[in-house]
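Here is run39.txt, consisting of compact mmCIF, C-alpha atoms and all ligand atoms:
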# COMPACT_ATOMS: atom_id res chain seq x y z
CA MET A 79 -58.80 255.73 -45.45
CA LYS A 80 -57.62 252.18 -45.40
CA GLU A 81 -57.99 251.67 -49.13
CA PHE A 82 -55.34 254.28 -49.90
CA VAL A 83 -52.66 252.60 -47.87
CA ILE A 84 -50.34 250.65 -50.09
CA SER A 85 -49.12 247.59 -48.34
CA GLU A 86 -45.41 247.53 -47.73
CA VAL A 87 -45.34 243.80 -47.68
CA GLN A 88 -45.05 242.59 -51.23
CA ALA A 89 -46.24 239.11 -52.04
CA GLU A 90 -43.42 236.66 -52.54
CA THR A 91 -42.87 235.63 -56.13
CA ALA A 92 -42.50 232.07 -57.29
CA VAL A 93 -41.18 230.25 -60.34
CA LEU A 94 -42.66 226.84 -61.15
CA VAL A 95 -40.81 223.90 -62.65
CA GLY A 96 -42.32 220.73 -64.08
CA LEU A 97 -41.30 217.86 -66.33
CA ILE A 98 -42.86 216.45 -69.46
CA THR A 99 -42.12 212.74 -69.31
CA GLN A 100 -43.16 209.49 -70.94
CA THR A 101 -45.99 209.14 -68.46
CA GLN A 102 -46.92 212.82 -68.31
CA ASP A 103 -47.52 214.61 -71.60
CA GLU A 104 -47.37 218.34 -72.14
CA ARG A 105 -51.07 218.92 -71.57
CA LYS A 106 -50.95 216.99 -68.29
CA THR A 107 -47.85 218.84 -67.15
CA ASN A 108 -49.55 222.16 -67.81
CA GLU A 109 -52.55 221.07 -65.80
CA TYR A 110 -50.31 220.00 -62.95
CA LEU A 111 -48.57 223.36 -63.09
CA ASP A 112 -51.96 225.13 -63.05
CA GLU A 113 -52.73 223.25 -59.90
CA LEU A 114 -49.30 224.02 -58.48
CA ALA A 115 -49.91 227.71 -59.23
CA PHE A 116 -53.22 227.50 -57.38
CA LEU A 117 -51.40 225.91 -54.43
CA ALA A 118 -48.79 228.69 -54.53
CA ASP A 119 -51.55 231.28 -54.62
CA THR A 120 -53.23 229.64 -51.64
CA ALA A 121 -49.92 229.84 -49.78
CA GLY A 122 -49.68 233.54 -50.63
CA ALA A 123 -47.11 233.53 -53.43
CA VAL A 124 -47.46 235.01 -56.91
CA VAL A 125 -46.27 232.88 -59.81
CA VAL A 126 -44.19 234.90 -62.26
CA LYS A 127 -42.80 232.23 -64.56
CA ARG A 128 -43.01 228.56 -65.47
CA PHE A 129 -40.29 226.28 -66.80
CA THR A 130 -40.88 222.85 -68.29
CA GLN A 131 -38.51 220.31 -69.73
CA ARG A 132 -38.88 217.10 -71.70
CA LEU A 133 -37.02 214.28 -69.98
CA ASP A 134 -37.58 210.54 -69.83
CA GLN A 135 -37.51 210.81 -66.08
CA ALA A 136 -36.41 213.28 -63.42
CA ASN A 137 -32.66 213.81 -63.16
CA SER A 138 -31.58 212.24 -59.87
CA VAL A 139 -29.06 215.01 -59.18
CA THR A 140 -30.85 218.20 -60.22
CA TYR A 141 -34.40 217.10 -61.23
CA VAL A 142 -34.14 219.03 -64.52
CA GLY A 143 -31.11 218.76 -66.78
CA LYS A 144 -28.01 220.90 -66.30
CA GLY A 145 -28.81 223.25 -69.16
CA LYS A 146 -32.32 223.89 -67.91
CA LEU A 147 -31.06 224.59 -64.42
CA GLU A 148 -28.67 227.17 -65.85
CA GLU A 149 -31.53 228.71 -67.81
CA ILE A 150 -33.58 229.05 -64.62
CA SER A 151 -30.56 230.46 -62.83
CA ARG A 152 -30.03 233.05 -65.59
CA TYR A 153 -33.66 234.07 -65.36
CA ILE A 154 -33.38 234.57 -61.58
CA ARG A 155 -30.22 236.67 -61.93
CA GLU A 156 -31.81 238.83 -64.64
CA GLU A 157 -34.84 239.39 -62.48
CA GLU A 158 -32.60 240.33 -59.58
CA GLU A 159 -30.81 242.85 -61.74
CA ALA A 160 -34.14 244.34 -62.65
CA GLU A 161 -34.94 244.49 -58.92
CA ARG A 162 -37.62 241.86 -59.14
CA GLU A 163 -36.40 239.34 -56.69
CA VAL A 164 -37.61 235.79 -57.14
CA GLY A 165 -38.71 234.50 -53.76
CA MET A 166 -38.71 230.79 -54.45
CA VAL A 167 -38.64 228.05 -57.05
CA ILE A 168 -41.29 225.37 -56.66
CA PHE A 169 -40.86 221.94 -58.23
CA ASP A 170 -43.92 219.90 -59.12
CA ASP A 171 -42.56 216.61 -57.75
CA GLU A 172 -41.12 215.65 -54.41
CA LEU A 173 -37.38 216.33 -54.36
CA SER A 174 -34.74 214.27 -52.57
CA ALA A 175 -32.29 215.83 -50.14
CA LYS A 176 -29.59 215.54 -52.79
CA GLN A 177 -31.65 217.26 -55.46
CA ILE A 178 -32.59 220.10 -53.13
CA ARG A 179 -28.96 220.62 -52.11
CA ASN A 180 -27.71 220.75 -55.68
CA ILE A 181 -30.51 222.92 -56.99
CA GLU A 182 -30.18 225.34 -54.11
CA ALA A 183 -26.44 225.65 -54.67
CA GLU A 184 -27.10 226.69 -58.26
CA LEU A 185 -30.20 228.85 -57.90
CA LYS A 186 -29.47 230.38 -54.46
CA VAL A 187 -33.11 230.97 -53.63
CA LYS A 188 -35.63 229.10 -51.53
CA ILE A 189 -36.49 225.71 -53.04
CA LEU A 190 -39.84 224.06 -52.45
CA ASP A 191 -41.53 221.02 -53.88
CA ARG A 192 -45.20 220.11 -54.17
CA THR A 193 -45.16 218.26 -50.85
CA SER A 194 -43.48 221.00 -48.83
CA LEU A 195 -45.84 223.56 -50.37
CA ILE A 196 -48.86 221.48 -49.38
CA LEU A 197 -47.42 221.04 -45.89
CA ASP A 198 -46.95 224.78 -45.70
CA ILE A 199 -50.61 225.34 -46.54
CA PHE A 200 -51.60 222.72 -44.02
CA ALA A 201 -49.56 224.51 -41.34
CA MET A 202 -51.29 227.76 -42.23
CA ARG A 203 -54.74 226.15 -42.15
CA ALA A 204 -54.46 223.97 -39.05
CA GLN A 205 -56.87 225.19 -36.39
CA THR A 206 -57.58 222.41 -33.95
CA ALA A 207 -55.06 220.72 -31.66
CA ASN A 208 -55.60 217.57 -33.66
CA ALA A 209 -54.86 219.16 -37.03
CA LYS A 210 -51.86 221.04 -35.65
CA THR A 211 -50.36 217.88 -34.17
CA GLN A 212 -50.95 215.97 -37.40
CA VAL A 213 -49.35 218.70 -39.50
CA GLU A 214 -46.35 219.00 -37.22
CA LEU A 215 -45.77 215.26 -37.41
CA ALA A 216 -46.11 215.32 -41.19
CA GLN A 217 -43.61 218.18 -41.39
CA TYR A 218 -41.05 216.27 -39.35
CA ARG A 219 -41.60 213.22 -41.52
CA TYR A 220 -40.80 215.33 -44.54
CA MET A 221 -37.86 217.04 -42.87
CA LEU A 222 -36.10 214.11 -41.32
CA PRO A 223 -34.52 212.71 -44.50
CA ARG A 224 -33.71 216.28 -45.57
CA LEU A 225 -32.33 217.52 -42.29
CA GLN A 226 -28.91 218.34 -43.64
CA ARG A 227 -30.25 220.87 -46.09
CA LEU A 228 -32.65 222.39 -43.61
CA TRP A 229 -29.75 223.22 -41.32
CA THR A 230 -27.83 225.19 -43.87
CA HIS A 231 -31.00 226.56 -45.32
CA LEU A 232 -32.15 227.98 -42.02
CA GLU A 233 -28.86 229.51 -41.09
CA ARG A 234 -29.29 231.76 -44.06
CA GLN A 235 -33.00 232.29 -44.18
CA GLY A 236 -34.22 232.41 -40.61
CA GLY A 237 -36.96 230.25 -39.23
CA GLY A 238 -40.72 230.19 -39.39
CA SER A 239 -43.07 231.13 -36.65
CA GLY A 240 -44.04 227.91 -34.96
CA ALA A 241 -46.25 225.09 -36.16
CA GLY A 242 -49.61 226.28 -37.33
CA GLY A 243 -48.67 229.89 -36.66
CA GLY A 244 -49.74 230.90 -40.11
CA LYS A 245 -47.25 233.77 -40.23
CA GLY A 246 -43.79 233.75 -41.76
CA SER A 247 -42.99 233.37 -45.40
CA VAL A 248 -44.06 230.62 -47.76
CA GLY A 249 -42.29 227.33 -47.12
CA LEU A 250 -40.88 228.42 -43.79
CA ARG A 251 -44.03 228.26 -41.77
CA GLY A 252 -44.10 225.41 -39.35
CA PRO A 253 -41.72 224.25 -36.71
CA GLY A 254 -39.62 227.26 -35.82
CA GLU A 255 -35.94 227.84 -35.47
CA THR A 256 -35.56 226.56 -31.97
CA GLN A 257 -37.15 223.28 -32.88
CA LEU A 258 -35.02 222.97 -35.97
CA GLU A 259 -31.86 223.47 -34.01
CA MET A 260 -32.50 220.17 -32.37
CA ASP A 261 -30.55 217.28 -33.71
CA ARG A 262 -32.07 214.29 -35.42
CA ARG A 263 -32.46 212.44 -32.16
CA ILE A 264 -34.45 215.17 -30.54
CA ILE A 265 -36.67 215.41 -33.61
CA LEU A 266 -37.29 211.69 -33.40
CA ASN A 267 -38.23 212.10 -29.75
CA ARG A 268 -40.54 214.91 -30.65
CA MET A 269 -42.11 212.72 -33.32
CA SER A 270 -42.81 209.93 -30.90
CA LEU A 271 -44.33 212.43 -28.49
CA LEU A 272 -46.58 213.73 -31.27
CA LYS A 273 -47.53 210.19 -32.15
CA GLU A 274 -48.45 209.52 -28.52
CA ARG A 275 -50.49 212.68 -28.44
CA LEU A 276 -52.28 211.66 -31.62
CA ALA A 277 -52.95 208.21 -30.22
CA GLU A 278 -54.53 209.93 -27.21
CA ILE A 279 -56.65 212.15 -29.47
CA ASP A 280 -57.57 209.08 -31.53
CA LYS A 281 -58.77 207.34 -28.38
CA GLN A 282 -60.90 210.32 -27.39
CA LYS A 283 -62.31 210.56 -30.88
CA ALA A 284 -63.12 206.86 -30.99
CA THR A 285 -65.00 207.21 -27.70
CA GLN A 286 -66.83 210.25 -29.04
CA ARG A 287 -67.81 208.32 -32.11
CA LYS A 288 -69.07 205.40 -30.01
CA ASN A 289 -71.21 207.71 -27.96
CA ARG A 290 -72.91 209.19 -30.94
CA GLY A 291 -75.70 206.69 -30.77
CA ARG A 292 -77.30 204.69 -33.46
CA LEU A 293 -77.03 207.02 -36.35
CA ILE A 294 -75.91 206.42 -39.89
CA ARG A 295 -72.70 208.21 -40.74
CA VAL A 296 -72.31 209.94 -44.05
CA ALA A 297 -69.01 211.49 -45.14
CA LEU A 298 -68.43 214.11 -47.81
CA VAL A 299 -65.27 213.18 -49.65
CA GLY A 300 -63.64 214.48 -52.79
CA TYR A 301 -60.86 216.42 -54.42
CA THR A 302 -59.93 219.74 -52.86
CA ASN A 303 -62.05 222.80 -53.75
CA VAL A 304 -64.99 220.88 -55.21
CA GLY A 305 -67.61 222.28 -52.83
CA LYS A 306 -67.77 219.78 -49.95
CA SER A 307 -67.94 222.45 -47.26
CA THR A 308 -70.46 224.48 -49.25
CA LEU A 309 -72.67 221.42 -49.42
CA MET A 310 -72.14 220.70 -45.73
CA ASN A 311 -73.24 224.23 -44.91
CA LEU A 312 -76.36 223.83 -47.00
CA LEU A 313 -77.35 220.53 -45.47
CA ALA A 314 -76.35 221.12 -41.90
CA LYS A 315 -77.02 224.83 -41.73
CA SER A 316 -73.56 225.05 -40.24
CA GLU A 317 -70.79 227.51 -40.79
CA VAL A 318 -67.89 225.54 -42.14
CA PHE A 319 -65.17 227.64 -43.66
CA ALA A 320 -65.46 227.44 -47.47
CA GLU A 321 -63.54 229.48 -49.99
CA ASN A 322 -61.91 229.34 -53.37
CA LYS A 323 -58.57 228.22 -52.04
CA LEU A 324 -57.12 224.75 -51.76
CA PHE A 325 -57.42 222.89 -48.48
CA ALA A 326 -59.83 225.33 -46.88
CA THR A 327 -60.85 222.46 -44.63
CA LEU A 328 -58.23 220.53 -42.75
CA ASP A 329 -59.96 218.96 -39.81
CA THR A 330 -63.16 217.00 -39.90
CA THR A 331 -66.40 218.64 -38.88
CA VAL A 332 -69.30 216.43 -37.92
CA ARG A 333 -72.87 217.70 -37.81
CA LYS A 334 -76.15 216.09 -37.09
CA VAL A 335 -78.43 216.56 -40.06
CA ILE A 336 -82.14 215.85 -40.08
CA ILE A 337 -83.97 215.36 -43.33
CA GLU A 338 -87.64 215.04 -42.50
CA ASN A 339 -87.76 212.59 -39.58
CA LEU A 340 -84.43 211.01 -40.26
CA PRO A 341 -81.37 212.14 -38.32
CA PHE A 342 -77.90 211.15 -39.46
CA LEU A 343 -74.35 212.36 -39.03
CA LEU A 344 -72.64 214.21 -41.82
CA SER A 345 -68.92 214.87 -41.84
CA ASP A 346 -66.88 217.22 -43.97
CA THR A 347 -63.21 216.45 -44.28
CA VAL A 348 -59.88 217.32 -45.90
CA GLY A 349 -59.83 217.28 -49.69
CA PHE A 350 -57.53 215.05 -51.69
CA ILE A 351 -55.01 216.13 -54.31
CA ARG A 352 -52.69 214.58 -56.88
CA LYS A 353 -49.18 213.51 -55.98
CA LEU A 354 -49.91 213.51 -52.28
CA PRO A 355 -47.36 211.18 -50.69
CA THR A 356 -48.93 208.26 -48.83
CA ASP A 357 -47.08 208.98 -45.59
CA LEU A 358 -48.54 212.44 -45.64
CA VAL A 359 -51.99 210.91 -45.96
CA ASP A 360 -51.06 208.60 -43.07
CA SER A 361 -50.38 211.60 -40.86
CA PHE A 362 -54.04 212.49 -41.18
CA LYS A 363 -55.19 209.16 -39.87
CA SER A 364 -57.48 210.46 -37.15
CA THR A 365 -59.02 212.99 -39.52
CA LEU A 366 -59.62 210.22 -42.01
CA ASP A 367 -61.07 207.79 -39.47
CA GLU A 368 -64.33 209.58 -40.01
CA VAL A 369 -64.20 208.56 -43.66
CA ARG A 370 -63.04 205.05 -42.85
CA GLU A 371 -65.92 204.49 -40.47
CA ALA A 372 -68.62 206.11 -42.57
CA ASP A 373 -71.61 204.06 -43.74
CA LEU A 374 -72.03 206.08 -46.91
CA LEU A 375 -69.66 208.26 -48.87
CA LEU A 376 -70.86 211.22 -50.88
CA HIS A 377 -68.11 211.69 -53.40
CA VAL A 378 -68.35 215.32 -54.47
CA VAL A 379 -66.94 216.17 -57.91
CA ASP A 380 -66.41 219.57 -59.53
CA ILE A 381 -67.88 218.89 -62.96
CA SER A 382 -66.76 222.30 -64.22
CA HIS A 383 -63.11 221.33 -63.78
CA PRO A 384 -61.55 220.20 -67.07
CA ASP A 385 -59.80 217.41 -65.24
CA PHE A 386 -62.65 216.13 -63.12
CA GLU A 387 -62.37 212.56 -64.37
CA GLU A 388 -58.78 212.26 -63.25
CA GLN A 389 -59.77 213.84 -59.95
CA ILE A 390 -62.38 211.09 -59.49
CA GLU A 391 -59.67 208.49 -60.01
CA VAL A 392 -57.31 210.18 -57.57
CA VAL A 393 -60.03 210.26 -54.93
CA ASN A 394 -60.96 206.62 -55.50
CA LYS A 395 -57.35 205.59 -55.26
CA THR A 396 -56.77 207.61 -52.08
CA LEU A 397 -59.91 206.09 -50.57
CA ALA A 398 -58.60 202.62 -51.34
CA ASP A 399 -55.20 203.57 -49.85
CA ILE A 400 -56.73 204.62 -46.55
CA GLY A 401 -58.87 201.51 -46.38
CA ALA A 402 -62.18 203.14 -47.29
CA GLY A 403 -62.58 201.61 -50.72
CA GLY A 404 -65.62 199.48 -51.42
CA LYS A 405 -67.99 201.49 -49.22
CA PRO A 406 -71.44 202.44 -50.45
CA MET A 407 -70.83 205.60 -52.44
CA MET A 408 -72.73 208.11 -54.48
CA ILE A 409 -71.16 210.56 -56.84
CA VAL A 410 -72.41 214.12 -56.46
CA PHE A 411 -71.45 216.18 -59.48
CA ASN A 412 -71.39 219.75 -58.23
CA LYS A 413 -70.99 223.15 -59.94
CA ILE A 414 -73.20 222.31 -62.92
CA ASP A 415 -73.81 226.07 -63.15
CA ALA A 416 -70.16 226.54 -64.09
CA TYR A 417 -69.96 223.70 -66.62
CA THR A 418 -68.82 224.86 -70.06
CA TYR A 419 -68.21 223.04 -73.32
CA ILE A 420 -66.91 223.94 -76.75
CA GLN A 421 -69.70 224.07 -79.27
CA LYS A 422 -68.64 222.72 -82.65
CA ASP A 423 -69.54 224.35 -85.94
CA GLU A 424 -71.53 222.15 -88.28
CA ASP A 425 -68.80 222.20 -90.92
CA ASP A 426 -66.14 221.27 -88.40
CA LEU A 427 -65.32 217.66 -89.21
CA THR A 428 -62.69 216.97 -86.60
CA PRO A 429 -63.82 214.27 -84.16
CA ARG A 430 -65.82 215.45 -81.20
CA THR A 431 -64.05 215.11 -77.90
CA LYS A 432 -65.30 215.28 -74.35
CA ALA A 433 -64.68 219.01 -74.42
CA ASN A 434 -67.55 219.20 -76.93
CA TRP A 435 -70.08 217.38 -74.79
CA THR A 436 -73.11 219.22 -73.54
CA LEU A 437 -74.03 218.86 -69.90
CA GLU A 438 -76.92 216.61 -70.93
CA GLU A 439 -74.62 214.25 -72.83
CA LEU A 440 -72.24 214.13 -69.92
CA MET A 441 -75.07 213.44 -67.50
CA ARG A 442 -76.44 210.62 -69.65
CA THR A 443 -73.03 208.98 -69.95
CA TRP A 444 -72.32 209.12 -66.24
CA MET A 445 -75.77 207.96 -65.25
CA ALA A 446 -75.33 204.90 -67.48
CA LYS A 447 -71.88 204.29 -66.05
CA MET A 448 -72.92 204.73 -62.42
CA GLU A 449 -76.25 202.95 -62.83
CA ASP A 450 -78.04 206.11 -61.75
CA ASN A 451 -75.96 206.24 -58.60
CA CYS A 452 -75.05 209.84 -59.22
CA LEU A 453 -76.56 213.29 -58.97
CA PHE A 454 -76.00 216.60 -60.69
CA ILE A 455 -76.33 219.70 -58.59
CA SER A 456 -75.17 223.22 -58.02
CA ALA A 457 -74.63 223.92 -54.36
CA ARG A 458 -74.15 227.59 -55.15
CA GLU A 459 -77.32 228.03 -57.20
CA ARG A 460 -79.16 225.40 -55.19
CA THR A 461 -80.10 223.55 -58.35
CA HIS A 462 -81.53 220.05 -57.81
CA LEU A 463 -80.98 220.42 -54.10
CA GLU A 464 -84.37 218.96 -53.25
CA GLU A 465 -83.70 215.84 -55.38
CA PHE A 466 -80.32 215.58 -53.75
CA LYS A 467 -81.86 215.66 -50.28
CA GLN A 468 -84.48 213.10 -51.22
CA THR A 469 -81.90 210.73 -52.65
CA VAL A 470 -79.68 211.06 -49.59
CA TYR A 471 -82.76 210.52 -47.45
CA GLN A 472 -83.60 207.30 -49.28
CA ARG A 473 -80.08 205.96 -49.13
CA VAL A 474 -79.62 206.80 -45.45
CA LYS A 475 -82.97 205.28 -44.63
CA GLU A 476 -82.10 202.02 -46.40
CA LEU A 477 -78.81 201.84 -44.55
CA HIS A 478 -80.46 202.75 -41.27
CA VAL A 479 -83.06 200.00 -41.52
CA GLN A 480 -80.32 197.53 -42.41
CA LYS A 481 -78.01 198.52 -39.60
CA TYR A 482 -80.51 199.27 -36.85
CA PRO A 483 -83.55 197.13 -37.66
CA TYR A 484 -85.17 197.74 -34.28
CA ASN A 485 -84.96 201.47 -34.31
CA ASP A 486 -88.47 202.80 -34.18
CA PHE A 487 -88.23 206.52 -34.64
CA LEU A 488 -88.75 206.26 -38.36
CA TYR A 489 -92.31 206.79 -39.34
CA GLN A 490 -94.21 207.36 -42.52
CA ASN A 491 -94.10 210.78 -44.07
CA GLU A 492 -94.20 212.43 -47.44
CA TYR A 493 -90.67 211.29 -48.31
CA ALA A 494 -91.20 207.62 -47.53
CA GLU A 495 -92.67 205.23 -50.05
N1 LIG A 501 -69.79 227.88 -59.45
C1 LIG A 501 -69.94 227.16 -58.34
N2 LIG A 501 -69.05 227.29 -57.34
C2 LIG A 501 -69.22 226.54 -56.23
C3 LIG A 501 -70.32 225.63 -56.11
N3 LIG A 501 -70.20 225.03 -54.90
C4 LIG A 501 -69.10 225.54 -54.31
N4 LIG A 501 -68.50 226.46 -55.10
C5 LIG A 501 -67.29 227.26 -54.82
O1 LIG A 501 -66.16 226.42 -54.85
C6 LIG A 501 -65.16 226.88 -53.92
C7 LIG A 501 -64.74 225.76 -53.01
O2 LIG A 501 -65.80 225.41 -52.16
P1 LIG A 501 -65.58 224.66 -50.77
O3 LIG A 501 -66.93 224.30 -50.26
O4 LIG A 501 -64.63 225.40 -49.90
O5 LIG A 501 -64.84 223.34 -51.32
P2 LIG A 501 -64.22 222.13 -50.48
O6 LIG A 501 -64.45 220.91 -51.31
O7 LIG A 501 -64.75 222.12 -49.10
O8 LIG A 501 -62.69 222.51 -50.52
P3 LIG A 501 -61.48 222.12 -49.51
O9 LIG A 501 -61.96 222.20 -48.11
O10 LIG A 501 -60.46 223.16 -49.84
O11 LIG A 501 -61.03 220.75 -49.90
C8 LIG A 501 -65.81 228.05 -53.18
O12 LIG A 501 -65.36 229.24 -53.79
C9 LIG A 501 -67.30 227.83 -53.42
O13 LIG A 501 -68.01 229.05 -53.39
C10 LIG A 501 -71.24 225.53 -57.18
O14 LIG A 501 -72.23 224.79 -57.17
N5 LIG A 501 -70.99 226.30 -58.28
MG MG A 502 -63.79 222.28 -47.33

Encoding of this model in structure tokens:
Amino acid sequence: MKEFVISEVQAETAVLVGLITQTQDERKTNEYLDELAFLADTAGAVVVKRFTQRLDQANSVTYVGKGKLEEISRYIREEEEAEREVGMVIFDDELSAKQIRNIEAELKVKILDRTSLILDIFAMRAQTANAKTQVELAQYRYMLPRLQRLWTHLERQGGGSGAGGGKGSVGLRGPGETQLEMDRRIILNRMSLLKERLAEIDKQKATQRKNRGRLIRVALVGYTNVGKSTLMNLLAKSEVFAENKLFATLDTTVRKVIIENLPFLLSDTVGFIRKLPTDLVDSFKSTLDEVREADLLLHVVDISHPDFEEQIEVVNKTLADIGAGGKPMMIVFNKIDAYTYIQKDEDDLTPRTKANWTLEELMRTWMAKMEDNCLFISARERTHLEEFKQTVYQRVKELHVQKYPYNDFLYQNEYAE
């Protein structure tokens, strides 16, 4: 009879706020807010309203202008009167302690920004000791300069349920009350303890990696939700958690994969996203070591996403930031089954844009650009999977022969030339 029970717990509602600036036009802002809504959804909140404002740059005191803040405040009060309480307001950019304090004083609801929302999802997703330690450290890094507001904030709202607990409400998951009642000094001590613990884990991981033998290491990298884990599951016959939520994978999984006679190591790792602060990326150092030490990167791209080209850039930039730029890389365009384009009428004389390109046109362009160093597949429909495997086989074999010239377990077979 379970289906007739109406849950008493209502999802928390969220209002999103973003800016249209000189460097971020309206279309871009809307895309960012779509992504922010997806993040909110992943965290378990329902977006009920979006506010945007044109400003040259963010207001240093209140992020949006005074008038806009009042407009948001009015909206929240009206919703309250109609008994639709707004649970939180989420800002698309990282807010300073000052901005949070001022905005909270005016809006009187929970205030989150993109970073704290992502951290919240990370806390919810963290499974392994390594991931949990990394998330906790990242949360303290975020909190430390904002400690003042967290004190007052928590007195009113009550704490979360412990790092990685996964319970509690959006934005308050993570280090719980008792930990937050510590002063700055104690938090700093805690941070150095976490760092020591991570250094210990790093050492263990480095030893593990050394003991893996003479195998080529391939890493799946890419934007979040592009299908890395799905591909990993297909290749490694493993069971890595994959779903249509952001940051389904937080810790790295490494599997031994054998294509024909050739064994190699394949790792699946955390996805990247826009506006991810560098120090947050730094917190995931040991997770990202796998990427840093890989011999070959398979950069997975969701070709059905309208913004996939910007996502490619974000991933490339993040790779460079973590010191993994310049590695041998292949682009794997995934989700070709979901690719759509706008067909133009013959009498439509407006210039064609990329939105009008057929999959074939897009494929031709990218193959020219990447000098054939790219593939087009659908992990879901298993389209071109065999070609994909063959190409990976060839690339891994080349690298293997280069790196381990005296290894003799490779022998002729149908895949080899
Ligand atoms: N239409 C379509 N969907 C796909 C394809 N491959 C994966 N997906 C879906 O895309 C979503 C994300 O897949 P994941 O494998 O979890 O993606 P990921 O890159 O590991 O994501 P994170 O771990 O969150 O960074 C899931 O709902 C998959 O079912 C594909 O070829 N076509
Ligand atoms: Mg994944």

Distance query A:Arg192 at most 9 Å, all atoms listed in the file, self and fewer than 6 positions along chain excluded, as a list of chain:residue names = A:Leu114, A:Leu117, A:Ile168, A:Phe169, A:Asp170, A:Asp171, A:Glu172, A:Leu173, A:Lys353, A:Leu354

Next, write the just-selected residues to a file, as a PDB file, in the frame of the given file, keeping C-alpha atoms as the atom set.
ATOM      1  CA  LEU A 114     -49.300 224.020 -58.480  1.00  0.00           C
ATOM      2  CA  LEU A 117     -51.400 225.910 -54.430  1.00  0.00           C
ATOM      3  CA  ILE A 168     -41.290 225.370 -56.660  1.00  0.00           C
ATOM      4  CA  PHE A 169     -40.860 221.940 -58.230  1.00  0.00           C
ATOM      5  CA  ASP A 170     -43.920 219.900 -59.120  1.00  0.00           C
ATOM      6  CA  ASP A 171     -42.560 216.610 -57.750  1.00  0.00           C
ATOM      7  CA  GLU A 172     -41.120 215.650 -54.410  1.00  0.00           C
ATOM      8  CA  LEU A 173     -37.380 216.330 -54.360  1.00  0.00           C
ATOM      9  CA  LYS A 353     -49.180 213.510 -55.980  1.00  0.00           C
ATOM     10  CA  LEU A 354     -49.910 213.510 -52.280  1.00  0.00           C
TER      11      LEU A 354
END

Exercise: A:Asp399 partners within 10 Å, all atoms listed in the file, chain neighbours under 6 positions left out, as a list in words | Thr356, Val359, Asp360 and Val393 of chain A

Residues just named, written with C-alpha atoms as a short mmCIF file (atom, residue, chain, number, x, y, z; two decimals), in the coordinates of the input:
data_model
loop_
_atom_site.label_atom_id
_atom_site.label_comp_id
_atom_site.auth_asym_id
_atom_site.auth_seq_id
_atom_site.Cartn_x
_atom_site.Cartn_y
_atom_site.Cartn_z
CA THR A 356 -48.93 208.26 -48.83
CA VAL A 359 -51.99 210.91 -45.96
CA ASP A 360 -51.06 208.60 -43.07
CA VAL A 393 -60.03 210.26 -54.93
#

Nearby residues (all atoms listed in the file) at most 7 Å from stretch 411-426 of chain A, same-chain spacing under 4 positions excluded, as an mmCIF file with C-alpha atoms, in the frame of the given file:
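Output file selection-v8.cif follows:
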data_model
loop_
_atom_site.group_PDB
_atom_site.id
_atom_site.type_symbol
_atom_site.label_atom_id
_atom_site.label_comp_id
_atom_site.auth_asym_id
_atom_site.auth_seq_id
_atom_site.Cartn_x
_atom_site.Cartn_y
_atom_site.Cartn_z
ATOM 1 C CA VAL A 378 -68.350 215.320 -54.470
ATOM 2 C CA VAL A 379 -66.940 216.170 -57.910
ATOM 3 C CA ASP A 380 -66.410 219.570 -59.530
ATOM 4 C CA ILE A 381 -67.880 218.890 -62.960
ATOM 5 C CA SER A 382 -66.760 222.300 -64.220
ATOM 6 C CA ALA A 433 -64.680 219.010 -74.420
ATOM 7 C CA ASN A 434 -67.550 219.200 -76.930
ATOM 8 C CA TRP A 435 -70.080 217.380 -74.790
ATOM 9 C CA THR A 436 -73.110 219.220 -73.540
ATOM 10 C CA LEU A 453 -76.560 213.290 -58.970
ATOM 11 C CA PHE A 454 -76.000 216.600 -60.690
ATOM 12 C CA ILE A 455 -76.330 219.700 -58.590
ATOM 13 C CA SER A 456 -75.170 223.220 -58.020
ATOM 14 C CA ALA A 457 -74.630 223.920 -54.360
#

Quick one: residues within 9 Å of A:Ser174, all atoms listed in the file counted, chain neighbours fewer than 5 positions away excluded, as a ChimeraX atom specification?
-> /A:138-139,179,223-224

Expressed in Å to a single decimal, how great is the separation between atom CA of A:Val124 and atom CA of A:Ala216?
-> 25.2 Å

How close does each residue of chain A get to ligand MG 502 (chain A), giving the shortest atom pair and distance in Å to one decimal for every residue with an atom at most 7 Å away, counting only C-alpha atoms and all ligand atoms, sorted by chain and residue number, as a tab-separated table?
residue	atom	partner	partner_atom	distance
A:Asn303	CA	A:MG502	MG	6.7
A:Gly305	CA	A:MG502	MG	6.7
A:Lys306	CA	A:MG502	MG	5.4
A:Ser307	CA	A:MG502	MG	4.2
A:Phe319	CA	A:MG502	MG	6.6
A:Ala320	CA	A:MG502	MG	5.4
A:Phe325	CA	A:MG502	MG	6.5
A:Ala326	CA	A:MG502	MG	5.0
A:Thr327	CA	A:MG502	MG	4.0
A:Asp346	CA	A:MG502	MG	6.8
A:Thr347	CA	A:MG502	MG	6.6
A:Val348	CA	A:MG502	MG	6.5
A:Gly349	CA	A:MG502	MG	6.8

Tell me which of A:Thr211, A:Lys176, A:Gly145, A:Ala89 sits closest to A:Arg162, counting only C-alpha atoms.
->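 Looking only at the distances to A:Arg162, the closest residue turns out to be A:Ala89.
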
Among listed residues A:Thr428, A:Asn108, A:Gln177, A:Ser345, nearest A:Ala136 (using all atoms listed in the file) | A:Gln177

Go through A:Gly96, A:Leu366, A:Gly165, A:Thr396 and flag the residue nearest A:Asn137, using all atoms listed in the file for the distances.
-> A:Gly96

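Excluding A:Arg128 itself and same-chain residues fewer than 6 positions from it, the residues having an atom within 9 Å of it are A:Ala92, A:Val93, A:Leu94, A:Val95, A:Gly96, A:Leu111, counting only C-alpha atoms.
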